[in-house]
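my_file22.cif follows; it contains mmCIF, C-alpha atoms.
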data_target
#
loop_
_atom_site.label_atom_id
_atom_site.label_comp_id
_atom_site.auth_asym_id
_atom_site.auth_seq_id
_atom_site.Cartn_x
_atom_site.Cartn_y
_atom_site.Cartn_z
CA MET A 1 10.41 -13.14 30.98
CA ASN A 2 11.74 -10.90 33.71
CA PRO A 3 9.35 -8.44 35.42
CA THR A 4 10.86 -5.31 33.81
CA ARG A 5 10.42 -6.68 30.30
CA LYS A 6 6.94 -7.92 31.11
CA ARG A 7 5.99 -4.45 32.32
CA ARG A 8 7.43 -2.89 29.16
CA LEU A 9 5.59 -5.43 27.01
CA TYR A 10 2.28 -4.48 28.67
CA LEU A 11 3.06 -0.81 28.10
CA VAL A 12 3.75 -1.43 24.41
CA LEU A 13 0.56 -3.48 24.06
CA ALA A 14 -1.37 -0.68 25.78
CA LEU A 15 0.17 1.77 23.30
CA ALA A 16 -0.89 -0.37 20.30
CA LEU A 17 -4.39 -0.94 21.70
CA GLY A 18 -4.76 2.74 22.59
CA SER A 19 -3.75 3.79 19.11
CA ALA A 20 -6.17 1.30 17.55
CA LEU A 21 -8.96 2.47 19.89
CA VAL A 22 -8.46 6.16 19.06
CA ILE A 23 -8.36 5.58 15.31
CA GLY A 24 -11.27 3.13 15.54
CA LEU A 25 -13.43 5.69 17.37
CA VAL A 26 -12.49 8.43 14.88
CA LEU A 27 -13.46 6.19 11.94
CA LEU A 28 -16.65 5.16 13.72
CA GLY A 29 -17.43 8.84 14.29
CA LEU A 30 -16.78 9.67 10.65
CA GLY A 31 -18.96 6.69 9.80
CA LYS A 32 -20.50 6.89 6.37
CA ASN A 33 -18.59 10.07 5.56
CA VAL A 34 -15.58 7.90 4.70
CA ASN A 35 -17.65 6.36 1.91
CA MET A 36 -16.75 7.77 -1.46
CA PHE A 37 -20.17 7.60 -3.09
CA TYR A 38 -23.87 6.95 -2.61
CA LEU A 39 -25.32 3.67 -3.86
CA PRO A 40 -28.33 3.70 -6.27
CA GLY A 41 -30.64 2.62 -3.42
CA GLN A 42 -29.62 5.69 -1.38
CA ILE A 43 -30.28 7.97 -4.38
CA THR A 44 -33.79 6.68 -5.05
CA SER A 45 -34.81 6.43 -1.38
CA GLY A 46 -34.05 10.12 -0.84
CA GLU A 47 -31.19 9.49 1.56
CA ALA A 48 -28.78 11.38 -0.70
CA PRO A 49 -29.05 15.20 -0.45
CA HIS A 50 -30.42 17.15 -3.44
CA ASP A 51 -28.95 20.58 -2.85
CA ARG A 52 -25.22 19.92 -2.99
CA ASN A 53 -22.39 18.30 -4.89
CA ILE A 54 -22.34 14.53 -4.27
CA ARG A 55 -21.00 11.33 -5.77
CA ALA A 56 -23.03 8.34 -6.78
CA GLY A 57 -21.92 4.96 -8.06
CA GLY A 58 -23.52 2.03 -9.84
CA MET A 59 -23.51 -0.18 -12.89
CA VAL A 60 -24.39 1.32 -16.28
CA LEU A 61 -27.61 -0.46 -17.29
CA GLU A 62 -27.27 -2.40 -20.55
CA GLY A 63 -29.07 -0.65 -23.40
CA SER A 64 -29.54 2.62 -21.51
CA TRP A 65 -26.62 4.63 -22.91
CA GLN A 66 -27.71 7.31 -25.40
CA ARG A 67 -25.37 9.84 -26.96
CA ARG A 68 -25.83 13.01 -28.93
CA GLN A 69 -22.38 14.43 -29.63
CA LEU A 70 -20.86 15.00 -26.18
CA LEU A 71 -24.16 14.81 -24.30
CA SER A 72 -24.66 11.37 -22.77
CA THR A 73 -27.60 9.92 -20.90
CA PHE A 74 -27.43 6.59 -19.10
CA VAL A 75 -29.04 4.74 -16.23
CA LEU A 76 -27.13 3.60 -13.14
CA THR A 77 -28.42 0.54 -11.32
CA ASP A 78 -27.47 -1.66 -8.36
CA ARG A 79 -28.60 -4.69 -10.41
CA GLN A 80 -31.56 -4.98 -8.03
CA ALA A 81 -34.53 -2.64 -7.71
CA ALA A 82 -32.95 0.82 -7.62
CA GLN A 83 -31.96 2.80 -10.71
CA PHE A 84 -31.65 6.44 -11.68
CA THR A 85 -30.84 8.47 -14.81
CA VAL A 86 -27.60 10.40 -15.27
CA GLN A 87 -26.89 13.23 -17.71
CA TYR A 88 -23.32 14.14 -18.59
CA GLU A 89 -21.75 16.43 -21.12
CA GLY A 90 -18.07 15.77 -21.81
CA ILE A 91 -15.56 13.07 -22.62
CA LEU A 92 -16.14 9.73 -20.93
CA PRO A 93 -13.19 7.63 -19.65
CA ASP A 94 -11.92 4.80 -21.89
CA LEU A 95 -13.35 2.12 -19.65
CA PHE A 96 -16.87 3.59 -19.72
CA ARG A 97 -19.24 1.02 -21.18
CA GLU A 98 -22.58 -0.58 -20.48
CA GLY A 99 -22.41 -3.13 -17.66
CA GLN A 100 -19.36 -1.39 -16.18
CA GLY A 101 -19.27 0.21 -12.73
CA VAL A 102 -18.91 4.01 -12.76
CA ILE A 103 -18.85 6.86 -10.25
CA VAL A 104 -20.50 10.16 -11.16
CA GLU A 105 -19.99 13.48 -9.41
CA GLY A 106 -22.57 16.23 -9.64
CA ARG A 107 -26.00 17.26 -8.36
CA LEU A 108 -29.16 15.27 -7.98
CA GLY A 109 -32.09 17.26 -9.34
CA ASP A 110 -35.54 17.31 -7.76
CA ASP A 111 -36.80 15.38 -10.79
CA GLY A 112 -34.50 12.49 -9.79
CA VAL A 113 -32.11 13.07 -12.71
CA PHE A 114 -28.46 13.25 -11.72
CA VAL A 115 -26.57 15.94 -13.64
CA ALA A 116 -22.91 14.88 -13.60
CA ARG A 117 -19.87 17.17 -13.87
CA GLU A 118 -17.42 14.28 -13.83
CA VAL A 119 -17.61 10.56 -14.64
CA LEU A 120 -15.03 8.08 -13.32
CA ALA A 121 -14.84 4.45 -14.45
CA LYS A 122 -14.60 2.03 -11.57
CA HIS A 123 -12.60 -1.03 -12.46
CA ASP A 124 -13.52 -4.35 -10.86
CA GLU A 125 -11.09 -6.93 -9.47
CA ASN A 126 -11.33 -9.27 -12.49
CA TYR A 127 -8.52 -9.52 -15.01
CA MET A 128 -8.41 -11.79 -18.06
CA PRO A 129 -6.91 -11.94 -21.53
CA PRO A 130 -9.19 -10.84 -24.42
CA GLU A 131 -9.64 -14.38 -25.78
CA LEU A 132 -11.16 -15.48 -22.46
CA ALA A 133 -13.48 -12.49 -22.17
CA GLY A 134 -16.40 -14.23 -23.91
CA MET A 135 -16.31 -17.14 -21.50
CA GLU A 136 -18.02 -17.20 -18.15
CA ARG A 137 -16.12 -15.50 -15.37
CA PRO A 138 -14.44 -17.79 -12.87
CA GLN A 139 -16.36 -17.81 -9.62
CA MET B 1 26.92 10.45 24.28
CA GLY B 2 30.01 8.53 25.21
CA TRP B 3 28.42 6.36 27.85
CA ILE B 4 25.52 5.50 25.53
CA THR B 5 27.94 4.22 22.91
CA THR B 6 29.86 2.20 25.48
CA THR B 7 26.68 0.60 26.85
CA TRP B 8 25.54 -0.22 23.35
CA HIS B 9 28.77 -2.01 22.65
CA ARG B 10 28.16 -4.34 25.54
CA LEU B 11 24.64 -5.22 24.32
CA GLY B 12 23.93 -7.58 21.47
CA SER B 13 26.43 -8.66 18.87
CA PRO B 14 26.58 -6.40 15.80
CA ARG B 15 29.92 -7.89 14.87
CA TRP B 16 28.39 -11.34 14.61
CA PHE B 17 25.50 -9.96 12.50
CA TYR B 18 27.92 -8.17 10.21
CA GLY B 19 29.90 -11.31 9.41
CA MET B 20 26.97 -13.74 9.51
CA MET B 21 24.77 -11.78 7.12
CA ALA B 22 27.35 -11.19 4.36
CA PRO B 23 26.40 -14.30 2.32
CA TRP B 24 22.67 -13.61 2.90
CA GLN B 25 23.09 -10.13 1.47
CA THR B 26 24.71 -11.54 -1.68
CA GLY B 27 22.05 -14.28 -1.95
CA PHE B 28 19.10 -11.91 -1.62
CA GLY B 29 20.75 -9.46 -4.02
CA ILE B 30 21.22 -12.04 -6.77
CA ALA B 31 17.73 -13.53 -6.21
CA ALA B 32 16.15 -10.06 -6.40
CA LEU B 33 18.01 -9.21 -9.59
CA VAL B 34 17.05 -12.46 -11.32
CA LEU B 35 13.42 -12.62 -10.13
CA LEU B 36 12.65 -8.95 -10.82
CA ALA B 37 14.22 -9.18 -14.30
CA VAL B 38 12.29 -12.37 -15.16
CA GLY B 39 9.00 -11.20 -13.62
CA SER B 40 9.13 -7.74 -15.20
CA VAL B 41 9.96 -8.92 -18.74
CA TRP B 42 7.40 -11.72 -18.43
CA GLY B 43 4.71 -9.36 -17.16
CA LEU B 44 5.46 -6.33 -19.30
CA VAL B 45 6.15 -8.20 -22.57
CA TRP B 46 4.87 -11.78 -22.66
CA ALA B 47 1.75 -11.78 -20.45
CA PRO B 48 -1.51 -11.18 -22.36
CA ALA B 49 -3.20 -7.77 -22.28
CA ASP B 50 -6.37 -7.35 -20.21
CA TYR B 51 -9.73 -7.69 -22.02
CA GLN B 52 -10.87 -4.26 -20.83
CA GLN B 53 -7.81 -2.22 -19.86
CA GLY B 54 -5.53 -3.43 -22.64
CA ASP B 55 -1.84 -2.86 -21.99
CA SER B 56 -2.26 -0.27 -19.25
CA PHE B 57 -3.08 -3.05 -16.76
CA ARG B 58 0.58 -4.16 -16.98
CA ILE B 59 1.55 -1.52 -14.43
CA ILE B 60 0.11 -4.00 -11.91
CA TYR B 61 3.42 -5.91 -12.21
CA ILE B 62 5.20 -2.96 -10.58
CA HIS B 63 2.38 -1.42 -8.54
CA VAL B 64 1.25 -4.49 -6.57
CA PRO B 65 4.74 -5.75 -5.53
CA THR B 66 5.79 -2.27 -4.36
CA VAL B 67 2.71 -1.60 -2.22
CA ILE B 68 2.75 -5.12 -0.73
CA VAL B 69 6.39 -4.77 0.28
CA ALA B 70 5.83 -1.20 1.51
CA GLN B 71 3.25 -2.56 3.97
CA SER B 72 5.37 -5.58 4.95
CA ALA B 73 8.29 -3.23 5.57
CA TYR B 74 6.08 -1.21 7.91
CA MET B 75 5.02 -4.33 9.80
CA THR B 76 8.70 -5.29 10.17
CA LEU B 77 9.31 -1.80 11.50
CA GLY B 78 6.56 -2.28 14.09
CA ALA B 79 8.04 -5.64 15.16
CA ALA B 80 11.50 -4.07 15.48
CA GLY B 81 9.96 -1.26 17.55
CA LEU B 82 8.43 -3.82 19.91
CA VAL B 83 11.77 -5.63 20.32
CA LEU B 84 13.52 -2.32 20.95
CA LEU B 85 11.06 -1.11 23.59
CA VAL B 86 10.72 -4.41 25.46
CA TRP B 87 14.17 -5.99 25.16
CA ARG B 88 16.21 -2.84 24.47
CA MET B 89 18.09 -4.68 21.75
CA LYS B 90 20.19 -2.18 19.86
CA MET B 91 20.13 -4.24 16.67
CA ALA B 92 16.35 -3.60 16.52
CA ASP B 93 17.11 0.10 16.14
CA VAL B 94 19.71 -0.64 13.47
CA ALA B 95 16.94 -2.54 11.63
CA MET B 96 14.53 0.41 11.93
CA VAL B 97 17.13 2.81 10.55
CA ALA B 98 17.67 0.40 7.66
CA ILE B 99 13.98 -0.08 6.78
CA VAL B 100 12.57 3.48 6.80
CA PRO B 101 14.05 4.87 3.53
CA PHE B 102 13.25 1.65 1.67
CA GLY B 103 9.63 1.63 2.86
CA MET B 104 9.34 5.30 2.00
CA ALA B 105 10.62 4.72 -1.54
CA MET B 106 8.33 1.72 -2.08
CA THR B 107 5.25 3.61 -0.84
CA ALA B 108 6.08 6.59 -3.06
CA LEU B 109 6.58 4.27 -6.05
CA GLY B 110 3.30 2.52 -5.26
CA LEU B 111 1.40 5.82 -5.11
CA PHE B 112 3.04 7.01 -8.33
CA THR B 113 2.33 3.84 -10.32
CA GLY B 114 -1.22 3.82 -8.94
CA ALA B 115 -1.78 7.37 -10.16
CA VAL B 116 -0.33 6.60 -13.59
CA TRP B 117 -2.65 3.59 -13.83
CA GLY B 118 -5.63 5.51 -12.46
CA ARG B 119 -5.45 8.24 -15.09
CA PRO B 120 -6.38 6.06 -18.12
CA THR B 121 -8.44 3.54 -16.15
CA TRP B 122 -10.56 5.66 -13.81
CA GLY B 123 -10.15 9.00 -15.52
CA THR B 124 -8.33 10.61 -12.57
CA TRP B 125 -4.82 10.69 -11.10
CA TRP B 126 -5.94 11.05 -7.51
CA GLU B 127 -9.13 11.14 -5.45
CA TRP B 128 -9.01 12.61 -1.94
CA THR B 129 -12.26 10.87 -1.06
CA ASP B 130 -10.97 7.33 -1.69
CA ALA B 131 -10.10 5.56 1.57
CA ARG B 132 -7.54 3.20 -0.05
CA LEU B 133 -5.64 6.06 -1.68
CA VAL B 134 -5.63 8.30 1.39
CA SER B 135 -4.65 5.52 3.85
CA THR B 136 -1.69 4.67 1.59
CA LEU B 137 -0.71 8.35 1.55
CA ILE B 138 -0.82 8.24 5.38
CA LEU B 139 1.61 5.29 5.22
CA LEU B 140 4.00 7.52 3.25
CA PHE B 141 3.59 10.29 5.84
CA LEU B 142 4.33 7.79 8.64
CA TYR B 143 7.61 6.93 6.91
CA PHE B 144 8.35 10.68 6.53
CA GLY B 145 7.50 11.16 10.21
CA LEU B 146 9.79 8.34 11.32
CA HIS B 147 12.64 9.77 9.29
CA ALA B 148 12.06 13.32 10.56
CA LEU B 149 11.64 12.23 14.18
CA ARG B 150 15.04 10.56 14.17
CA GLN B 151 16.65 13.70 12.74
CA ALA B 152 14.86 15.90 15.28
CA ILE B 153 16.13 14.15 18.42
CA PRO B 154 19.91 14.43 18.92
CA ALA B 155 20.29 11.73 21.60
CA ALA B 156 20.47 8.42 19.72
CA GLU B 157 18.75 6.35 22.38
CA SER B 158 15.81 8.74 22.84
CA ALA B 159 15.39 8.99 19.06
CA ALA B 160 15.30 5.19 18.80
CA ARG B 161 12.58 4.88 21.45
CA ALA B 162 10.50 7.73 20.04
CA CYS B 163 10.66 6.14 16.58
CA ALA B 164 9.67 2.76 18.05
CA VAL B 165 6.63 4.32 19.76
CA LEU B 166 5.57 6.08 16.53
CA ALA B 167 6.13 2.91 14.48
CA ILE B 168 3.92 0.86 16.81
CA ALA B 169 1.20 3.51 17.01
CA GLY B 170 1.15 3.69 13.21
CA LEU B 171 0.63 -0.06 12.85
CA VAL B 172 -3.13 0.53 13.09
CA ASN B 173 -2.98 2.00 9.56
CA ILE B 174 -2.02 -1.36 8.01
CA PRO B 175 -5.40 -3.13 8.52
CA ILE B 176 -7.10 0.13 7.46
CA ILE B 177 -5.26 0.03 4.12
CA LYS B 178 -6.09 -3.64 3.66
CA TYR B 179 -9.79 -3.45 4.51
CA SER B 180 -10.52 0.08 3.20
CA VAL B 181 -11.98 -1.34 -0.02
CA GLU B 182 -14.34 -3.58 1.98
CA TRP B 183 -15.41 -1.28 4.81
CA TRP B 184 -16.25 1.69 2.62
CA THR B 185 -17.24 2.42 -0.96
CA THR B 186 -14.08 3.37 -2.85
CA LEU B 187 -12.94 4.04 -6.38
CA HIS B 188 -10.17 1.49 -5.88
CA GLN B 189 -11.38 -2.02 -6.70
CA GLY B 190 -11.46 -4.86 -4.19
CA SER B 191 -8.75 -7.49 -3.82
CA THR B 192 -8.14 -9.69 -6.86
CA PHE B 193 -6.45 -12.28 -4.66
CA SER B 194 -8.03 -13.81 -1.60
CA MET B 195 -8.05 -17.16 0.16
CA ARG B 196 -11.30 -18.09 -1.57
CA ARG B 197 -10.65 -17.11 -5.17
CA ILE B 198 -8.23 -15.55 -7.61
CA ASN B 199 -9.89 -13.36 -10.23
CA MET B 200 -7.02 -13.63 -12.66
CA PRO B 201 -5.75 -16.49 -14.85
CA ALA B 202 -2.35 -18.08 -14.21
CA VAL B 203 -0.80 -16.57 -17.35
CA MET B 204 -1.33 -13.19 -15.70
CA TYR B 205 -0.66 -13.88 -12.02
CA LEU B 206 2.47 -16.04 -12.33
CA PRO B 207 4.70 -13.15 -13.47
CA LEU B 208 3.09 -11.05 -10.72
CA LEU B 209 3.98 -13.72 -8.16
CA VAL B 210 7.59 -13.80 -9.42
CA ASN B 211 7.84 -10.01 -9.04
CA VAL B 212 6.29 -10.06 -5.55
CA ILE B 213 8.84 -12.66 -4.38
CA GLY B 214 11.58 -10.68 -6.17
CA MET B 215 10.52 -7.50 -4.38
CA TYR B 216 10.68 -9.31 -1.01
CA CYS B 217 14.23 -10.42 -1.92
CA LEU B 218 15.06 -6.81 -2.74
CA PHE B 219 13.67 -5.83 0.66
CA GLY B 220 15.90 -8.48 2.29
CA TYR B 221 18.92 -7.29 0.36
CA VAL B 222 18.42 -3.58 1.07
CA MET B 223 17.64 -4.20 4.74
CA ILE B 224 20.72 -6.38 5.36
CA ALA B 225 23.02 -4.11 3.31
CA ARG B 226 21.84 -1.00 5.14
CA MET B 227 21.98 -2.71 8.55
CA ARG B 228 25.58 -3.81 7.93
CA THR B 229 26.52 -0.30 6.82
CA GLU B 230 24.81 1.16 9.89
CA ILE B 231 26.70 -1.31 12.12
CA LEU B 232 30.01 -0.15 10.63
CA ARG B 233 29.01 3.48 11.13
CA ARG B 234 28.01 2.96 14.75
CA GLU B 235 30.95 0.70 15.57
CA ARG B 236 33.55 2.72 13.70
CA ASP B 237 35.66 3.26 16.82
CA THR B 238 35.80 -0.40 17.83
CA SER B 239 38.88 -2.52 17.26
CA TRP B 240 37.12 -5.07 15.03
CA VAL B 241 35.92 -2.38 12.58
CA VAL B 242 39.34 -0.71 12.57
CA GLU B 243 40.84 -4.14 11.90
CA LEU B 244 38.28 -4.81 9.15
CA VAL B 245 39.07 -1.55 7.41
CA ARG B 246 42.78 -2.27 7.64
CA ARG B 247 42.41 -5.80 6.20
CA PRO B 248 39.17 -5.83 4.14
CA ASP B 249 39.81 -9.39 2.85
CA VAL B 250 39.25 -10.82 6.36
CA ARG B 251 35.62 -10.91 7.39
#

Output the structure of this file as structure tokens.
Amino acid sequence: MNPTRKRRLYLVLALALGSALVIGLVLLGLGKNVNMFYLPGQITSGEAPHDRNIRAGGMVLEGSWQRRQLLSTFVLTDRQAAQFTVQYEGILPDLFREGQGVIVEGRLGDDGVFVAREVLAKHDENYMPPELAGMERPQ
Amino acid sequence: MGWITTTWHRLGSPRWFYGMMAPWQTGFGIAALVLLAVGSVWGLVWAPADYQQGDSFRIIYIHVPTVIVAQSAYMTLGAAGLVLLVWRMKMADVAMVAIVPFGMAMTALGLFTGAVWGRPTWGTWWEWTDARLVSTLILLFLYFGLHALRQAIPAAESAARACAVLAIAGLVNIPIIKYSVEWWTTLHQGSTFSMRRINMPAVMYLPLLVNVIGMYCLFGYVMIARMRTEILRRERDTSWVVELVRRPDVR
């Protein structure tokens, strides 16, 4: 490669690296703020703030969903130690069901109960036809 | 402007590309037509419904091919930008001109189909706090920016270089789109397909694969067709183009 092209190539590489560095530092600076929601462990440990509107995500614990007309109560868990109760009044998305991942938006009360204004169903990356749904998921 | 055009004529061989790529354009066009027709009917009609989402999951057969190709088109744009800046090959700029509107359309279609799928599945059209959604929107804005930048600079050569610099700087967004669902918590689910496992049975992913390959063929077709048109536009004063227009049967 002739010297002019080599010089240009280094300049272009410097441009690409510089761009990656700037964006990388910005994302590093934003850090956890890029995360969409708090995990159940962060809710129970007190890491999530109580006084403002936040989002939390987790799996709906099997057997925890109770409904009285539009008022729903359910427990979100990380399938390990942490779990917390959510209250929501309104229409739940079609994919809302026990064992499914959901994201709730609202306020965490001082009593540890999360009062949600909005519930979003989080779909996982598994797809299968209905007749296979009873079988064990492919690992 | 005159001297730029003259210099450009001496570089590279657009005439060769124009003639050489004619059969490829036809080939990619036919392949895209056949594969997209087969994959879409197979996916939208014959493939089984999903156990949880029902029929609404079928939008995956449009959504996934468009966003994959939108990102591949951007990477091609970055590669063309590199060739343009380092080797000053004018055909690289012709390629960039050809790719931008296609990538823009694919990204817009990907965002639209994603929103239409998100409404029944998640319960929302759009979430500003989701890193996957926002980084894909940034991809659309990069395409807008590349298009606008070219319009804004009157001198063709300066516009080409400025677009190449922007295209390369924007490449950093591609890994961000890919890994956004792993680096941060997002509403968008993780990848169904990876080197280690495929979380979808063959009856569902085969039509998807057909459509992805079909969409790449469409990309090939659109890119070659637009490059050849751009060559004719740029070379319109040369004798070979004048000759071609006079006797269109001779290629």

At most 7 Å from (-17.0, 0.8, -13.0), file frame, all atoms listed in the file: which residues, as a CSV table (one decimal) with C-alpha atoms, in the coordinates of the input?
chain,number,residue,atom,x,y,z
A,59,MET,CA,-23.5,-0.2,-12.9
A,100,GLN,CA,-19.4,-1.4,-16.2
A,101,GLY,CA,-19.3,0.2,-12.7
A,102,VAL,CA,-18.9,4.0,-12.8
A,103,ILE,CA,-18.8,6.9,-10.2
A,121,ALA,CA,-14.8,4.4,-14.4
A,122,LYS,CA,-14.6,2.0,-11.6
A,123,HIS,CA,-12.6,-1.0,-12.5
A,124,ASP,CA,-13.5,-4.4,-10.9

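Within 8 Å of stretch 94-100 of chain B, once all atoms listed in the file are used and residues closer than 5 positions along the same chain are dropped, the contacting residues are B:Ala73, B:Leu77, B:Ala80, B:Gly81, B:Tyr143, B:Leu146, B:His147, B:Val222, B:Met223, B:Ile224, B:Arg226, B:Met227, B:Glu230, B:Ile231.
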
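Those residues of chain A that fall within 6 Å of chain B when using all atoms listed in the file read A:Arg5, A:Arg8, A:Leu9, A:Ala16, A:Ser19, A:Ala20, A:Asn35, A:Met36, A:Pro93, A:Leu120, A:Ala121, A:Lys122, A:His123, A:Asp124, A:Glu125, A:Asn126, A:Tyr127, A:Met128, A:Pro129, A:Pro130.
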
- Item | Shell around B:Thr107 at 12 Å using only C-alpha atoms, local window under 3 positions removed, as a PyMOL selection string | chain B and resi 62-74+100-104+110-114+133+135-144

- Within 6 Å of A:Arg107 using all atoms listed in the file, minus same-chain residues under 2 positions, as a ChimeraX atom specification: /A:53,114-115

Next, write the just-selected residues to a file, as a PDB file, in the frame of the given file, keeping C-alpha atoms as the atom set.
ATOM      1  CA  ASN A  53     -22.390  18.300  -4.890  1.00  0.00           C
ATOM      2  CA  PHE A 114     -28.460  13.250 -11.720  1.00  0.00           C
ATOM      3  CA  VAL A 115     -26.570  15.940 -13.640  1.00  0.00           C
TER       4      VAL A 115
END

Residues at most 9 Å from A:His50, counting all atoms listed in the file, excluding those fewer than 2 positions away in the same chain, as a PDB file with C-alpha atoms, in the frame of the given file?
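The resulting out09.pdb:
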ATOM      1  CA  GLY A  46     -34.050  10.120  -0.840  1.00  0.00           C
ATOM      2  CA  ALA A  48     -28.780  11.380  -0.700  1.00  0.00           C
ATOM      3  CA  ARG A  52     -25.220  19.920  -2.990  1.00  0.00           C
ATOM      4  CA  ASN A  53     -22.390  18.300  -4.890  1.00  0.00           C
ATOM      5  CA  ILE A  54     -22.340  14.530  -4.270  1.00  0.00           C
ATOM      6  CA  ARG A 107     -26.000  17.260  -8.360  1.00  0.00           C
ATOM      7  CA  LEU A 108     -29.160  15.270  -7.980  1.00  0.00           C
ATOM      8  CA  GLY A 109     -32.090  17.260  -9.340  1.00  0.00           C
ATOM      9  CA  ASP A 110     -35.540  17.310  -7.760  1.00  0.00           C
ATOM     10  CA  GLY A 112     -34.500  12.490  -9.790  1.00  0.00           C
TER      11      GLY A 112
END

- Query: Any idea what's packed within 12 Å of A:Gln42, counting only C-alpha atoms, ignoring anything in its chain fewer than 3 positions away? Could you give it as a PyMOL selection string?
  - Reply: chain A and resi 37-39+45-50+54-58+77-78+81-84+108+112

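Distance annotation: of B:Ile177, B:Leu84, B:Phe17, B:Asp55, the residue with the minimal separation from B:Cys163 is B:Leu84; atom set is all atoms listed in the file.
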
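Closest approach to A:Arg79 among A:Asp94, A:Gly41, A:Ser64, A:Asp51 is made by A:Gly41 (distances from only C-alpha atoms).
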
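Going from atom CA of A:Pro40 over to atom CA of A:Ile23, you cover 29.5 Å.
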
Fix up stretch 55-73 of chain B with N, CA and C atoms, then write it as a compact mmCIF listing (two decimals), keeping the file's coordinate frame.
# COMPACT_ATOMS: atom_id res chain seq x y z
N ASP B 55 -3.20 -2.78 -22.51
CA ASP B 55 -1.84 -2.86 -21.99
C ASP B 55 -1.64 -2.08 -20.71
N SER B 56 -2.51 -1.12 -20.43
CA SER B 56 -2.26 -0.27 -19.25
C SER B 56 -2.35 -1.06 -17.95
N PHE B 57 -2.99 -2.25 -17.98
CA PHE B 57 -3.08 -3.05 -16.76
C PHE B 57 -1.70 -3.56 -16.33
N ARG B 58 -0.73 -3.57 -17.28
CA ARG B 58 0.58 -4.16 -16.98
C ARG B 58 1.31 -3.45 -15.84
N ILE B 59 0.90 -2.24 -15.52
CA ILE B 59 1.55 -1.52 -14.43
C ILE B 59 1.32 -2.25 -13.11
N ILE B 60 0.36 -3.17 -13.09
CA ILE B 60 0.11 -4.00 -11.91
C ILE B 60 1.37 -4.76 -11.50
N TYR B 61 2.22 -5.12 -12.50
CA TYR B 61 3.42 -5.91 -12.21
C TYR B 61 4.47 -5.11 -11.44
N ILE B 62 4.33 -3.80 -11.41
CA ILE B 62 5.20 -2.96 -10.58
C ILE B 62 4.42 -2.49 -9.35
N HIS B 63 3.19 -2.03 -9.59
CA HIS B 63 2.38 -1.42 -8.54
C HIS B 63 2.12 -2.37 -7.36
N VAL B 64 1.63 -3.56 -7.65
CA VAL B 64 1.25 -4.49 -6.57
C VAL B 64 2.46 -4.95 -5.74
N PRO B 65 3.58 -5.39 -6.37
CA PRO B 65 4.74 -5.75 -5.53
C PRO B 65 5.23 -4.60 -4.65
N THR B 66 5.27 -3.38 -5.17
CA THR B 66 5.79 -2.27 -4.36
C THR B 66 4.89 -1.98 -3.16
N VAL B 67 3.57 -1.94 -3.36
CA VAL B 67 2.71 -1.60 -2.22
C VAL B 67 2.64 -2.74 -1.20
N ILE B 68 2.73 -3.99 -1.68
CA ILE B 68 2.75 -5.12 -0.73
C ILE B 68 3.99 -5.03 0.15
N VAL B 69 5.14 -4.82 -0.48
CA VAL B 69 6.39 -4.77 0.28
C VAL B 69 6.45 -3.52 1.16
N ALA B 70 5.87 -2.41 0.69
CA ALA B 70 5.83 -1.20 1.51
C ALA B 70 5.10 -1.46 2.83
N GLN B 71 4.01 -2.25 2.75
CA GLN B 71 3.25 -2.56 3.97
C GLN B 71 3.98 -3.58 4.83
N SER B 72 4.58 -4.59 4.19
CA SER B 72 5.37 -5.58 4.95
C SER B 72 6.54 -4.91 5.66
N ALA B 73 7.17 -3.95 4.97
CA ALA B 73 8.29 -3.23 5.57
C ALA B 73 7.81 -2.50 6.82
